[in-house]
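Structure below is model-v5.txt: compact mmCIF, C-alpha atoms and all ligand atoms.
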```
# COMPACT_ATOMS: atom_id res chain seq x y z
CA MET P 1 3.48 -21.85 17.70
CA SER P 2 4.48 -22.14 14.08
CA SER P 3 7.90 -23.54 13.27
CA ARG P 4 8.09 -21.24 10.25
CA VAL P 5 11.23 -19.12 10.21
CA ARG P 6 10.15 -15.54 9.74
CA HIS P 7 12.40 -13.35 7.62
CA TRP P 8 9.87 -10.54 7.42
CA ARG P 9 6.71 -9.24 9.04
CA GLU P 10 3.40 -9.25 7.24
CA ALA P 11 1.70 -5.90 6.79
CA ALA P 12 -1.06 -4.09 4.92
CA THR P 13 -1.32 -0.57 3.56
CA VAL P 14 -3.95 1.41 1.70
CA LEU P 15 -3.75 3.83 -1.19
CA LEU P 16 -6.58 6.01 0.07
CA ALA P 17 -7.87 8.28 -2.69
CA ALA P 18 -10.59 10.81 -2.03
CA GLY P 19 -12.44 13.30 -4.18
CA GLY P 20 -15.90 14.52 -4.74
CA GLY P 21 -15.54 17.71 -2.71
CA GLY P 22 -15.93 19.93 -5.73
CA GLY P 23 -13.26 22.21 -4.29
CA GLY P 24 -10.33 20.97 -6.38
CA SER P 25 -8.41 23.43 -8.50
CA SER P 26 -9.81 23.54 -12.03
CA SER P 27 -6.25 23.60 -13.34
CA SER P 28 -5.45 20.24 -11.72
CA ARG P 29 -5.30 17.21 -13.94
CA PHE P 30 -6.75 15.16 -11.04
CA ASP P 31 -10.13 15.33 -9.31
CA TYR P 32 -8.86 13.40 -6.29
CA LYS P 33 -6.06 13.34 -3.74
CA VAL P 34 -4.17 10.53 -2.05
CA LEU P 35 -3.29 10.35 1.65
CA LEU P 36 0.41 10.30 2.52
CA LEU P 37 1.78 10.13 6.06
CA ARG P 38 5.24 11.15 7.22
CA ARG P 39 6.83 8.56 9.46
CA SER P 40 8.58 9.61 12.62
CA PRO P 41 12.32 10.37 12.32
CA ARG P 42 12.64 7.87 15.20
CA SER P 43 11.14 4.97 13.20
CA ALA P 44 13.36 1.92 12.93
CA PHE P 45 12.22 1.49 9.31
CA LEU P 46 11.96 4.25 6.68
CA PRO P 47 12.43 7.13 9.17
CA SER P 48 10.86 10.41 7.94
CA ALA P 49 9.64 8.77 4.73
CA HIS P 50 6.20 9.50 3.31
CA VAL P 51 4.14 6.34 2.98
CA PHE P 52 0.51 5.32 2.74
CA PRO P 53 -1.22 4.44 6.04
CA GLY P 54 -0.45 0.89 7.09
CA GLY P 55 1.41 -1.40 9.39
CA VAL P 56 2.00 -4.86 10.71
CA VAL P 57 -0.88 -7.33 10.89
CA ASP P 58 -1.92 -8.34 14.41
CA ALA P 59 -3.47 -11.60 15.63
CA ALA P 60 -6.56 -9.50 16.48
CA ASP P 61 -7.03 -8.80 12.75
CA PHE P 62 -7.42 -12.56 12.21
CA SER P 63 -9.74 -13.07 15.17
CA ALA P 64 -12.75 -15.31 14.56
CA ASP P 65 -14.64 -12.84 16.78
CA TRP P 66 -15.02 -10.67 13.69
CA LEU P 67 -17.29 -13.39 12.28
CA HIS P 68 -19.65 -12.92 15.19
CA LEU P 69 -19.60 -9.19 15.19
CA LEU P 70 -22.92 -7.68 16.07
CA PRO P 71 -24.94 -10.50 17.52
CA PRO P 72 -27.89 -10.98 17.42
CA GLU P 73 -27.91 -9.79 13.79
CA GLY P 74 -25.77 -12.78 12.92
CA PRO P 75 -22.36 -13.46 11.46
CA LEU P 76 -20.47 -10.89 9.51
CA PRO P 77 -21.18 -11.90 5.93
CA LEU P 78 -18.03 -12.46 3.95
CA LEU P 79 -19.15 -11.01 0.68
CA LEU P 80 -15.78 -10.28 -0.86
CA PRO P 81 -15.97 -10.89 -4.59
CA PRO P 82 -14.16 -14.15 -5.44
CA LEU P 83 -11.00 -13.96 -7.50
CA ARG P 84 -11.19 -15.05 -11.12
CA ALA P 85 -10.02 -18.63 -11.80
CA GLY P 86 -6.28 -18.48 -12.50
CA ALA P 87 -5.86 -15.16 -10.72
CA GLY P 88 -2.51 -14.27 -9.11
CA ARG P 89 -2.24 -15.32 -5.49
CA ALA P 90 0.49 -13.66 -3.48
CA PRO P 91 1.95 -15.93 -0.76
CA LEU P 92 0.68 -13.83 2.14
CA PHE P 93 -2.92 -14.47 1.05
CA ALA P 94 -2.37 -18.19 0.52
CA ALA P 95 -0.28 -18.98 3.64
CA GLU P 96 -1.60 -21.36 6.30
CA ARG P 97 -1.45 -19.88 9.79
CA PRO P 98 -1.98 -22.78 12.17
CA GLU P 99 -0.73 -20.69 15.09
CA LEU P 100 -3.88 -18.55 14.80
CA GLY P 101 -6.32 -21.46 15.10
CA THR P 102 -9.71 -20.84 13.52
CA ALA P 103 -9.08 -17.56 11.92
CA LEU P 104 -10.43 -15.28 9.25
CA PRO P 105 -9.33 -15.71 5.65
CA ALA P 106 -6.16 -13.70 5.07
CA ASP P 107 -7.70 -11.39 2.51
CA VAL P 108 -10.27 -10.33 5.12
CA ALA P 109 -7.69 -10.03 7.93
CA PHE P 110 -5.29 -7.90 5.85
CA ARG P 111 -8.15 -5.56 4.96
CA ILE P 112 -9.05 -5.23 8.65
CA CYS P 113 -5.38 -4.51 9.37
CA ALA P 114 -5.23 -1.76 6.71
CA ILE P 115 -8.46 -0.18 8.01
CA ARG P 116 -7.31 -0.36 11.65
CA GLU P 117 -3.93 1.17 10.80
CA THR P 118 -5.63 3.99 8.86
CA PHE P 119 -7.61 4.82 12.00
CA GLU P 120 -4.55 4.57 14.27
CA GLU P 121 -2.25 6.60 12.07
CA ALA P 122 -4.57 9.14 10.42
CA GLY P 123 -7.79 9.06 12.46
CA VAL P 124 -9.82 8.14 9.37
CA LEU P 125 -12.42 5.44 10.06
CA LEU P 126 -13.31 3.30 7.05
CA LEU P 127 -16.44 1.71 8.48
CA VAL P 128 -19.87 0.85 7.14
CA GLU P 129 -23.14 0.51 9.04
CA ALA P 130 -23.69 -3.13 9.96
CA GLY P 131 -27.20 -2.89 8.54
CA GLU P 132 -25.88 -1.71 5.19
CA VAL P 133 -23.35 -4.47 4.62
CA ALA P 134 -25.67 -6.61 2.52
CA SER P 135 -26.31 -3.73 0.13
CA THR P 136 -22.66 -2.60 -0.03
CA SER P 137 -21.18 -3.08 -3.47
CA SER P 138 -18.24 -1.47 -5.20
CA ALA P 139 -20.39 -1.30 -8.34
CA GLN P 140 -22.12 1.65 -6.67
CA GLY P 141 -18.97 3.74 -7.10
CA PRO P 142 -16.49 5.16 -4.60
CA ALA P 143 -17.27 4.43 -0.96
CA ARG P 144 -18.84 6.76 1.59
CA LEU P 145 -17.66 7.32 5.15
CA LEU P 146 -20.07 7.07 8.08
CA ALA P 147 -22.15 10.19 8.61
CA PRO P 148 -20.40 12.41 11.21
CA GLU P 149 -23.39 12.10 13.59
CA ARG P 150 -22.74 8.32 13.76
CA LEU P 151 -19.32 8.91 15.30
CA PRO P 152 -18.66 9.48 19.00
CA PRO P 153 -17.76 13.05 20.04
CA GLY P 154 -14.17 14.05 19.20
CA PRO P 155 -12.55 13.43 22.62
CA GLU P 156 -14.24 10.03 22.95
CA LEU P 157 -13.12 9.03 19.46
CA ALA P 158 -9.58 10.21 20.27
CA GLU P 159 -9.63 7.96 23.35
CA TRP P 160 -10.76 5.01 21.20
CA ARG P 161 -7.89 5.76 18.83
CA ARG P 162 -5.36 5.65 21.68
CA ARG P 163 -6.90 2.39 22.90
CA VAL P 164 -6.61 0.80 19.46
CA GLN P 165 -2.99 2.00 19.17
CA ARG P 166 -2.20 0.35 22.50
CA GLN P 167 -4.26 -2.76 21.86
CA PRO P 168 -5.38 -3.64 18.30
CA ALA P 169 -8.16 -5.89 19.69
CA ALA P 170 -9.92 -2.68 20.82
CA PHE P 171 -10.76 -2.04 17.16
CA LEU P 172 -13.32 -4.82 17.24
CA GLN P 173 -14.78 -3.36 20.44
CA LEU P 174 -15.06 0.03 18.74
CA CYS P 175 -16.85 -1.50 15.75
CA ARG P 176 -19.20 -3.37 18.08
CA HIS P 177 -19.84 -0.17 20.09
CA LEU P 178 -20.74 1.71 16.90
CA SER P 179 -22.75 -1.18 15.35
CA CYS P 180 -20.45 -0.88 12.37
CA VAL P 181 -18.16 -3.14 10.39
CA PRO P 182 -14.79 -2.36 8.73
CA ASN P 183 -15.61 -1.53 5.14
CA LEU P 184 -13.83 -4.54 3.64
CA TRP P 185 -15.70 -4.02 0.38
CA ALA P 186 -14.22 -0.60 -0.21
CA LEU P 187 -10.68 -2.03 -0.35
CA HIS P 188 -9.46 -3.56 -3.58
CA GLU P 189 -6.40 -5.76 -3.87
CA TRP P 190 -3.83 -3.72 -5.78
CA SER P 191 -0.29 -5.09 -5.30
CA ASN P 192 2.11 -6.79 -2.92
CA TRP P 193 5.67 -5.65 -2.16
CA LEU P 194 8.35 -7.41 -0.17
CA THR P 195 11.15 -5.21 1.19
CA PRO P 196 14.41 -5.94 -0.65
CA VAL P 197 16.98 -7.82 1.42
CA GLY P 198 19.47 -4.95 1.26
CA ARG P 199 16.92 -2.44 2.52
CA ALA P 200 16.01 -3.97 5.86
CA GLY P 201 15.61 -1.38 8.59
CA ARG P 202 17.10 -1.49 12.11
CA GLY P 203 16.93 -4.98 13.57
CA GLY P 204 16.51 -6.53 10.12
CA ARG P 205 12.96 -5.19 9.66
CA ARG P 206 11.46 -6.25 6.34
CA TYR P 207 7.79 -6.30 5.39
CA ASP P 208 5.64 -8.37 3.07
CA THR P 209 2.94 -5.78 2.49
CA ALA P 210 -0.48 -6.10 0.87
CA PHE P 211 -1.37 -2.86 -0.93
CA TYR P 212 -5.08 -2.05 -1.29
CA LEU P 213 -6.81 0.73 -3.18
CA CYS P 214 -9.74 2.52 -1.54
CA CYS P 215 -11.59 5.34 -3.29
CA LEU P 216 -13.79 7.67 -1.25
CA GLY P 217 -16.30 9.87 -3.02
CA HIS P 218 -18.64 12.54 -1.65
CA GLY P 219 -17.66 15.54 0.41
CA GLY P 220 -13.94 15.78 -0.37
CA PRO P 221 -10.98 14.22 1.45
CA PRO P 222 -11.82 13.59 5.11
CA GLU P 223 -9.83 15.34 7.80
CA ALA P 224 -6.76 13.32 8.65
CA SER P 225 -4.76 13.91 11.83
CA HIS P 226 -1.40 12.44 12.71
CA ASP P 227 -0.76 10.77 16.06
CA ARG P 228 2.36 12.76 17.11
CA GLY P 229 4.10 9.44 17.54
CA GLU P 230 4.60 6.96 14.76
CA VAL P 231 3.26 9.52 12.26
CA THR P 232 4.31 13.17 12.36
CA ALA P 233 2.33 14.65 9.43
CA CYS P 234 -0.58 13.84 7.13
CA GLN P 235 -1.24 15.32 3.73
CA TRP P 236 -3.65 14.87 0.86
CA SER P 237 -1.94 15.38 -2.51
CA SER P 238 -2.76 14.52 -6.09
CA PRO P 239 -0.36 11.96 -7.59
CA LEU P 240 1.37 14.79 -9.47
CA GLU P 241 1.68 17.00 -6.37
CA ALA P 242 3.19 14.10 -4.41
CA ILE P 243 5.68 13.30 -7.17
CA GLU P 244 6.62 16.98 -7.52
CA LEU P 245 7.17 17.30 -3.76
CA PHE P 246 9.45 14.29 -3.99
CA LYS P 247 11.37 15.65 -6.97
CA SER P 248 11.80 19.03 -5.28
CA GLN P 249 13.20 17.23 -2.24
CA ASP P 250 10.42 18.48 0.05
CA ILE P 251 9.50 14.91 0.92
CA TRP P 252 11.04 11.49 0.43
CA ILE P 253 8.84 8.66 -0.80
CA ALA P 254 10.03 5.05 -0.66
CA PRO P 255 10.35 3.30 -4.05
CA PRO P 256 7.25 1.05 -3.86
CA GLN P 257 5.05 3.98 -2.92
CA PHE P 258 6.69 6.07 -5.67
CA TYR P 259 5.97 3.29 -8.20
CA GLU P 260 2.32 3.15 -7.08
CA LEU P 261 1.91 6.93 -7.33
CA CYS P 262 3.22 6.72 -10.91
CA ARG P 263 0.57 4.05 -11.58
CA LEU P 264 -2.15 6.29 -10.16
CA TYR P 265 -0.93 8.99 -12.54
CA ASN P 266 -2.78 7.10 -15.29
CA PHE P 267 -6.10 8.09 -13.73
CA SER P 268 -7.22 11.69 -13.58
CA SER P 269 -10.72 10.83 -12.39
CA LEU P 270 -11.59 9.19 -9.11
CA HIS P 271 -14.44 7.31 -10.75
CA ASP P 272 -12.13 5.88 -13.42
CA LEU P 273 -9.59 4.90 -10.77
CA HIS P 274 -12.29 3.26 -8.67
CA ARG P 275 -13.77 1.39 -11.64
CA PHE P 276 -10.35 0.20 -12.76
CA GLY P 277 -9.23 -0.84 -9.26
CA SER P 278 -12.44 -2.65 -8.32
CA GLU P 279 -12.74 -4.51 -11.62
CA ARG P 280 -9.06 -5.39 -11.80
CA ALA P 281 -8.93 -6.73 -8.24
CA VAL P 282 -10.48 -10.07 -9.23
CA GLU P 283 -7.27 -10.77 -11.17
CA GLY P 284 -5.28 -10.79 -7.90
CA CYS P 285 -1.59 -9.94 -7.90
CA GLU P 286 1.84 -11.46 -7.40
CA ARG P 287 4.48 -10.62 -4.83
CA TRP P 288 7.24 -8.33 -6.01
CA MET P 289 10.59 -8.18 -4.28
CA PRO P 290 12.87 -5.62 -5.91
CA VAL P 291 16.43 -6.86 -6.41
CA ILE P 292 19.04 -4.15 -5.99
CA LEU P 293 21.65 -3.72 -8.73
CA VAL P 294 24.33 -1.26 -7.65
CA ALA P 295 25.87 0.57 -10.63
CA SER P 296 28.87 2.90 -10.63
CA ASP P 297 26.70 6.04 -10.46
CA GLY P 298 23.54 5.00 -8.65
CA HIS P 299 21.38 1.95 -8.27
CA ILE P 300 18.54 0.13 -9.98
CA GLN P 301 15.76 -1.81 -8.29
CA LEU P 302 14.99 -4.65 -10.69
CA LEU P 303 11.43 -5.96 -10.74
CA PRO P 304 9.99 -9.23 -12.08
CA GLY P 305 9.90 -9.28 -15.88
CA ASP P 306 13.02 -7.15 -16.27
CA GLU P 307 15.64 -9.03 -18.28
CA LEU P 308 18.18 -8.63 -15.47
CA TYR P 309 15.78 -9.88 -12.76
CA PRO P 310 17.26 -13.14 -11.40
CA ASP P 311 15.41 -16.40 -12.20
CA ASP P 312 15.79 -17.41 -8.57
CA PRO P 313 15.90 -14.21 -6.48
CA ASP P 314 17.46 -14.50 -3.04
CA LEU P 315 14.44 -13.83 -0.82
CA THR P 316 16.20 -14.27 2.48
CA GLY P 317 19.66 -12.81 1.83
CA GLU P 318 21.57 -16.04 2.38
CA ARG P 319 23.05 -16.14 -1.12
CA LYS P 320 23.58 -13.01 -3.22
CA PRO P 321 21.04 -10.39 -2.21
CA ILE P 322 22.64 -7.43 -3.98
CA LEU P 323 23.99 -7.41 -7.54
CA THR P 324 26.78 -5.07 -8.55
CA SER P 325 28.09 -3.74 -11.84
CA ASN P 326 30.94 -1.40 -12.67
CA LYS P 327 28.86 0.03 -15.52
CA LYS P 328 26.98 3.31 -15.43
CA ILE P 329 23.20 3.38 -15.21
CA GLU P 330 22.99 4.86 -18.70
CA ASP P 331 24.86 1.86 -20.15
CA LEU P 332 22.74 -0.61 -18.20
CA MET P 333 19.67 1.11 -19.66
CA LYS P 334 20.93 1.21 -23.25
CA GLU P 335 21.84 -2.47 -23.26
CA ALA P 336 18.46 -3.68 -22.03
CA ARG P 337 15.38 -4.53 -24.08
CA LYS P 338 12.96 -5.77 -21.41
CA LEU P 339 12.69 -3.16 -18.72
CA HIS P 340 10.88 -3.26 -15.41
CA ARG P 341 12.96 -1.27 -12.98
CA ILE P 342 13.12 1.68 -10.65
CA VAL P 343 16.23 3.72 -11.43
CA ALA P 344 17.70 5.84 -8.64
CA ARG P 345 20.47 8.21 -9.74
CA ASP P 346 20.28 9.74 -6.29
CA LEU P 347 17.81 9.92 -3.41
CA HIS P 348 15.33 12.18 -5.25
CA ASN P 349 16.20 11.49 -8.88
CA VAL P 350 14.16 8.34 -9.29
CA THR P 351 12.40 7.07 -12.40
CA VAL P 352 10.27 4.04 -13.09
CA CYS P 353 11.18 2.44 -16.42
CA VAL P 354 8.93 -0.25 -17.80
CA ASN P 355 8.20 -1.47 -21.30
CA ILE P 356 6.79 -4.92 -20.55
CA GLN P 357 3.11 -5.84 -20.51
CA PRO P 358 1.74 -5.67 -16.98
CA LYS P 359 0.33 -8.92 -15.61
CA TYR P 360 -3.04 -9.41 -13.94
CA LYS P 361 -4.64 -6.68 -16.10
CA HIS P 362 -2.72 -4.05 -14.19
CA VAL P 363 -1.53 -0.74 -15.53
CA ASN P 364 2.08 0.36 -15.93
CA PRO P 365 3.34 3.48 -14.20
CA LEU P 366 3.70 6.64 -16.24
CA VAL P 367 7.07 8.36 -16.25
CA VAL P 368 6.37 11.76 -14.83
CA ASP P 369 9.68 13.56 -15.12
CA SER P 370 10.65 14.61 -18.62
CA LYS P 371 14.19 15.35 -17.29
CA VAL P 372 14.84 11.62 -17.48
CA GLY P 373 14.76 11.71 -21.28
CA ASN P 374 18.17 10.07 -21.34
CA ASN P 375 16.49 6.75 -20.46
CA ALA P 376 16.02 5.29 -23.90
CA ASP P 377 13.32 2.70 -23.42
CA CYS P 378 10.80 3.84 -20.86
CA ASN P 379 7.30 3.08 -22.01
CA SER P 380 5.74 6.46 -21.73
CA ARG P 381 6.54 10.03 -20.86
CA LEU P 382 4.58 13.09 -19.95
C1 LIG C 401 3.40 -0.33 6.38
C2 LIG C 401 4.90 -0.46 6.39
C3 LIG C 401 5.25 -1.92 6.17
C4 LIG C 401 5.49 0.02 7.70
O1 LIG C 401 5.09 -0.73 8.81
P1 LIG C 401 5.15 -0.09 10.26
O2 LIG C 401 4.18 1.04 10.23
O3 LIG C 401 6.55 0.39 10.51
O4 LIG C 401 4.78 -1.19 11.19
C5 LIG C 401 5.50 0.43 5.30
O5 LIG C 401 6.84 0.48 5.35
C6 LIG C 401 5.10 0.00 3.92
O6 LIG C 401 4.08 0.42 3.43
N1 LIG C 401 5.93 -0.82 3.30
C7 LIG C 401 5.63 -1.35 2.02
C8 LIG C 401 6.75 -1.71 1.13
C9 LIG C 401 8.14 -1.53 1.61
O7 LIG C 401 8.70 -2.39 2.24
N2 LIG C 401 8.71 -0.37 1.29
C10 LIG C 401 10.04 -0.03 1.58
C11 LIG C 401 11.04 -0.75 0.77
S1 LIG C 401 12.65 -0.32 1.30
C12 LIG C 401 13.04 0.94 0.31
O8 LIG C 401 12.38 1.09 -0.64
C13 LIG C 401 14.19 1.81 0.66
C14 LIG C 401 15.04 2.19 -0.51
O9 LIG C 401 15.06 1.52 -1.51
O10 LIG C 401 15.76 3.20 -0.41
N1 LIG C 402 6.22 7.75 19.07
C1 LIG C 402 6.75 6.93 18.17
N2 LIG C 402 7.84 7.29 17.46
C2 LIG C 402 8.38 6.46 16.55
N3 LIG C 402 7.91 5.24 16.28
C3 LIG C 402 6.83 4.82 16.95
C4 LIG C 402 6.18 5.63 17.92
N4 LIG C 402 5.13 4.93 18.40
C5 LIG C 402 5.13 3.75 17.78
N5 LIG C 402 6.14 3.67 16.91
C6 LIG C 402 6.53 2.54 16.07
O1 LIG C 402 5.57 2.32 15.06
C7 LIG C 402 5.55 0.93 14.72
C8 LIG C 402 4.14 0.43 14.74
O2 LIG C 402 3.65 0.58 13.49
P1 LIG C 402 2.36 -0.16 12.95
O3 LIG C 402 1.35 -0.15 14.05
O4 LIG C 402 2.00 0.72 11.82
O5 LIG C 402 2.78 -1.51 12.55
C9 LIG C 402 6.41 0.22 15.73
O6 LIG C 402 7.64 0.03 15.09
P2 LIG C 402 8.41 -1.38 15.10
O7 LIG C 402 7.36 -2.41 14.88
O8 LIG C 402 9.35 -1.23 13.95
O9 LIG C 402 9.06 -1.43 16.42
C10 LIG C 402 6.53 1.25 16.85
O10 LIG C 402 7.75 1.11 17.56
MG MG C 403 2.54 2.12 10.26
```
Please go through the file and, once you have read it, give me the structure as structure tokens.
Amino acid sequence: MSSRVRHWREAATVLLAAGGGGGGSSSSRFDYKVLLLRRSPRSAFLPSAHVFPGGVVDAADFSADWLHLLPPEGPLPLLLPPLRAGAGRAPLFAAERPELGTALPADVAFRICAIRETFEEAGVLLLVEAGEVASTSSAQGPARLLAPERLPPGPELAEWRRRVQRQPAAFLQLCRHLSCVPNLWALHEWSNWLTPVGRAGRGGRRYDTAFYLCCLGHGGPPEASHDRGEVTACQWSSPLEAIELFKSQDIWIAPPQFYELCRLYNFSSLHDLHRFGSERAVEGCERWMPVILVASDGHIQLLPGDELYPDDPDLTGERKPILTSNKKIEDLMKEARKLHRIVARDLHNVTVCVNIQPKYKHVNPLVVDSKVGNNADCNSRL
């Protein structure tokens, strides 16, 4: 066993975007939709929140058995494009995990985790035929799902889903049974968020979560079904629809997911989003832990690069995890020149304000709500 003290769990999630159905409204700015899941009100972390599919990584996601999937065809080729020299490397991708023995590289294991969780939580299987792995390339455009005739009949697939929920190692058995491989190549490293200290759920739950982008073309968004347990609803929405549902208080989206939806807002076309995400991924990313600054009339989540972001943020909560000010948000905004922050005036009045250059060739979020015009220095408005 590792002697590492664990202050958080490691997790993976996927921004699953799908288009290509040709059935989208012509008045929509977007030709794709993104999958959001509502968490159970009984969840110990983010109850009832809308999030992307995802969850905690399991030892089975790191299993060396994945390397020998599908004998006698041979080892699963690890064809993930290498990161560019000098790329950002978030700690969860670089960590040694001696407790797992000979294990898969973390950027493969976290992809398997995200794909497994998407099956468990939404019933969507992001697999590729084993025989097609060698010719799978993101340069070909958004990914395809398996043809429906390659899947087991509905009740059998539902039983596999329950088995995987009970025992994550069953996911490898399912892939073996179908002669398929998790489509690692369809997932593109996008970002990495660590739950702020002051936002731990029941039992101190915090998550260091790898966020991937996956764009699916052809045939429109696949049917997603919740599991009546951990997840109580599934919906495909354009970034604008999701943000509007949040603003109208129909749904509540946690700040990191809100930030990422505002980034997606830059892309109205699935192909542009896919091209950007797949080409940018070789730059890697860094871990972001928001630091909470409580003001007199709301709170701000400071992000790296903001002039108020601490030089030495308290990752574990042993020093000063939450900052406080007796000033109003408006004053804290007026005084600042370098902004990278999520401003929450209340639960549903949330704005991302950023005027710094994004690192790792990323894109800044767009500010979607013109009602926040009183924020002087946000980079862009709609
Ligand atoms: C995938 C999760 C880590 C959930 O794991 P689970 O299914 O419960 O095993 C999901 O929570 C997630 O995607 N988290 C990513 C980032 C994160 O930690 N978000 C929440 C931050 S706390 C917060 O924002 C609350 C607030 O500020 O009001
Ligand atoms: N029916 C249900 N209602 C609420 N939460 C559920 C549930 N079934 C499973 N869960 C919770 O979902 C989490 C598993 O999520 P994932 O597989 O995405 O990591 C676990 O949370 P904890 O790990 O917080 O206990 C588990 O307790
Ligand atoms: Mg989950």
Exercise. Out of P:Val57, P:Cys353, P:Val343, P:Leu308, which residue has the shortest atom-to-atom distance to ligand LIG 402 (chain C) when counting all atoms listed in the file?
Worked result: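 Under the stated criterion, the closest residue is P:Val57.
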Residues contacting ligand MG 403 (chain C) - anything with an atom at most 9 Å away, using all atoms listed in the file - can you give me those as a PDB file with C-alpha atoms, in the coordinates of the input?
```pdb
ATOM      1  CA  ALA P  11       1.700  -5.900   6.790  1.00  0.00           C
ATOM      2  CA  ALA P  12      -1.060  -4.090   4.920  1.00  0.00           C
ATOM      3  CA  THR P  13      -1.320  -0.570   3.560  1.00  0.00           C
ATOM      4  CA  ARG P  39       6.830   8.560   9.460  1.00  0.00           C
ATOM      5  CA  VAL P  51       4.140   6.340   2.980  1.00  0.00           C
ATOM      6  CA  PHE P  52       0.510   5.320   2.740  1.00  0.00           C
ATOM      7  CA  PRO P  53      -1.220   4.440   6.040  1.00  0.00           C
ATOM      8  CA  GLY P  54      -0.450   0.890   7.090  1.00  0.00           C
ATOM      9  CA  GLY P  55       1.410  -1.400   9.390  1.00  0.00           C
ATOM     10  CA  VAL P  56       2.000  -4.860  10.710  1.00  0.00           C
ATOM     11  CA  GLU P 117      -3.930   1.170  10.800  1.00  0.00           C
ATOM     12  CA  THR P 118      -5.630   3.990   8.860  1.00  0.00           C
ATOM     13  CA  GLU P 120      -4.550   4.570  14.270  1.00  0.00           C
ATOM     14  CA  GLU P 121      -2.250   6.600  12.070  1.00  0.00           C
ATOM     15  CA  GLU P 230       4.600   6.960  14.760  1.00  0.00           C
ATOM     16  CA  VAL P 231       3.260   9.520  12.260  1.00  0.00           C
TER      17      VAL P 231
END
```
Problem set entry | Separation of CA of His188 (chain P) from CA of Leu67 (chain P), in Å and rounded to one decimal | 20.2 Å
Exercise. Which one of P:Leu69, P:Ala200, P:Leu151, P:Ala59 sits closest to Leu178 (chain P) if you count all atoms listed in the file?
Worked result: P:Leu151
Exercise. Just how far from CA of Leu80 (chain P) is CA of Ala103 (chain P), in Å to one decimal?
Worked result: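 Separation between CA of Ala103 (chain P) and CA of Leu80 (chain P): 16.2 Å.
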Exercise. Rounded to one decimal in Å, what is the spacing between CA of Ser137 (chain P) and CA of Cys214 (chain P)?
Worked result: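 Interatomic distance, CA of Ser137 (chain P) to CA of Cys214 (chain P): 12.9 Å.
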Problem set entry | Spatial neighbours of Gly88 (chain P), max dist 12 Å, all atoms listed in the file, sep filter under 3 positions, as a VMD selection string | chain P and resid 83 to 85 91 to 94 189 to 192 280 to 288 359 to 362
Hey, can you spit out that residue selection with C-alpha atoms as a PDB file, keeping the file's coordinate frame?
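Saved file out.pdb follows:
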```
ATOM      1  CA  LEU P  83     -11.000 -13.960  -7.500  1.00  0.00           C
ATOM      2  CA  ARG P  84     -11.190 -15.050 -11.120  1.00  0.00           C
ATOM      3  CA  ALA P  85     -10.020 -18.630 -11.800  1.00  0.00           C
ATOM      4  CA  PRO P  91       1.950 -15.930  -0.760  1.00  0.00           C
ATOM      5  CA  LEU P  92       0.680 -13.830   2.140  1.00  0.00           C
ATOM      6  CA  PHE P  93      -2.920 -14.470   1.050  1.00  0.00           C
ATOM      7  CA  ALA P  94      -2.370 -18.190   0.520  1.00  0.00           C
ATOM      8  CA  GLU P 189      -6.400  -5.760  -3.870  1.00  0.00           C
ATOM      9  CA  TRP P 190      -3.830  -3.720  -5.780  1.00  0.00           C
ATOM     10  CA  SER P 191      -0.290  -5.090  -5.300  1.00  0.00           C
ATOM     11  CA  ASN P 192       2.110  -6.790  -2.920  1.00  0.00           C
ATOM     12  CA  ARG P 280      -9.060  -5.390 -11.800  1.00  0.00           C
ATOM     13  CA  ALA P 281      -8.930  -6.730  -8.240  1.00  0.00           C
ATOM     14  CA  VAL P 282     -10.480 -10.070  -9.230  1.00  0.00           C
ATOM     15  CA  GLU P 283      -7.270 -10.770 -11.170  1.00  0.00           C
ATOM     16  CA  GLY P 284      -5.280 -10.790  -7.900  1.00  0.00           C
ATOM     17  CA  CYS P 285      -1.590  -9.940  -7.900  1.00  0.00           C
ATOM     18  CA  GLU P 286       1.840 -11.460  -7.400  1.00  0.00           C
ATOM     19  CA  ARG P 287       4.480 -10.620  -4.830  1.00  0.00           C
ATOM     20  CA  TRP P 288       7.240  -8.330  -6.010  1.00  0.00           C
ATOM     21  CA  LYS P 359       0.330  -8.920 -15.610  1.00  0.00           C
ATOM     22  CA  TYR P 360      -3.040  -9.410 -13.940  1.00  0.00           C
ATOM     23  CA  LYS P 361      -4.640  -6.680 -16.100  1.00  0.00           C
ATOM     24  CA  HIS P 362      -2.720  -4.050 -14.190  1.00  0.00           C
TER      25      HIS P 362
END
```
Take every atom of ligand LIG 401 (chain C) listed in the file, pad by 4 Å on each side, and give me the axis-aligned box centre and edge lengths in Å, one decimal, as JSON.
```
{"center_x": 9.6, "center_y": 0.4, "center_z": 4.8, "size_x": 20.4, "size_y": 13.6, "size_z": 20.7}
```
Problem set entry | Counting all atoms listed in the file, the option among P:Ala254, P:Glu318, P:Gly305, P:Ile342 closest to Pro358 (chain P) |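 Closest candidate: P:Gly305.
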Exercise. If you count only C-alpha atoms, which residues fall within 12 Å of region 219-223 of chain P, apart from same-chain ones fewer than 3 positions away, as number ranges by chain?
Worked result: P: 16-24, 31-35, 119, 122-126, 142-148, 215-216, 226, 234-238, 270
Exercise. Pick from P:Leu315, P:Ala130, P:Ala169, P:Ile300: nearest to Asp65 (chain P), with only C-alpha atoms counted?
Worked result: P:Ala169
For this session: Compare P:Gly154, P:Gly131, P:Pro310, P:Pro239 by their minimum atom-to-atom distance to Ser179 (chain P), counting only C-alpha atoms, and give me the closest one.
Result: P:Gly131
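Nearest residue to ligand LIG 401 (chain C), choosing from P:Val367, P:Ala87, P:Val350, P:Ile243 and counting all atoms listed in the file: P:Val350.
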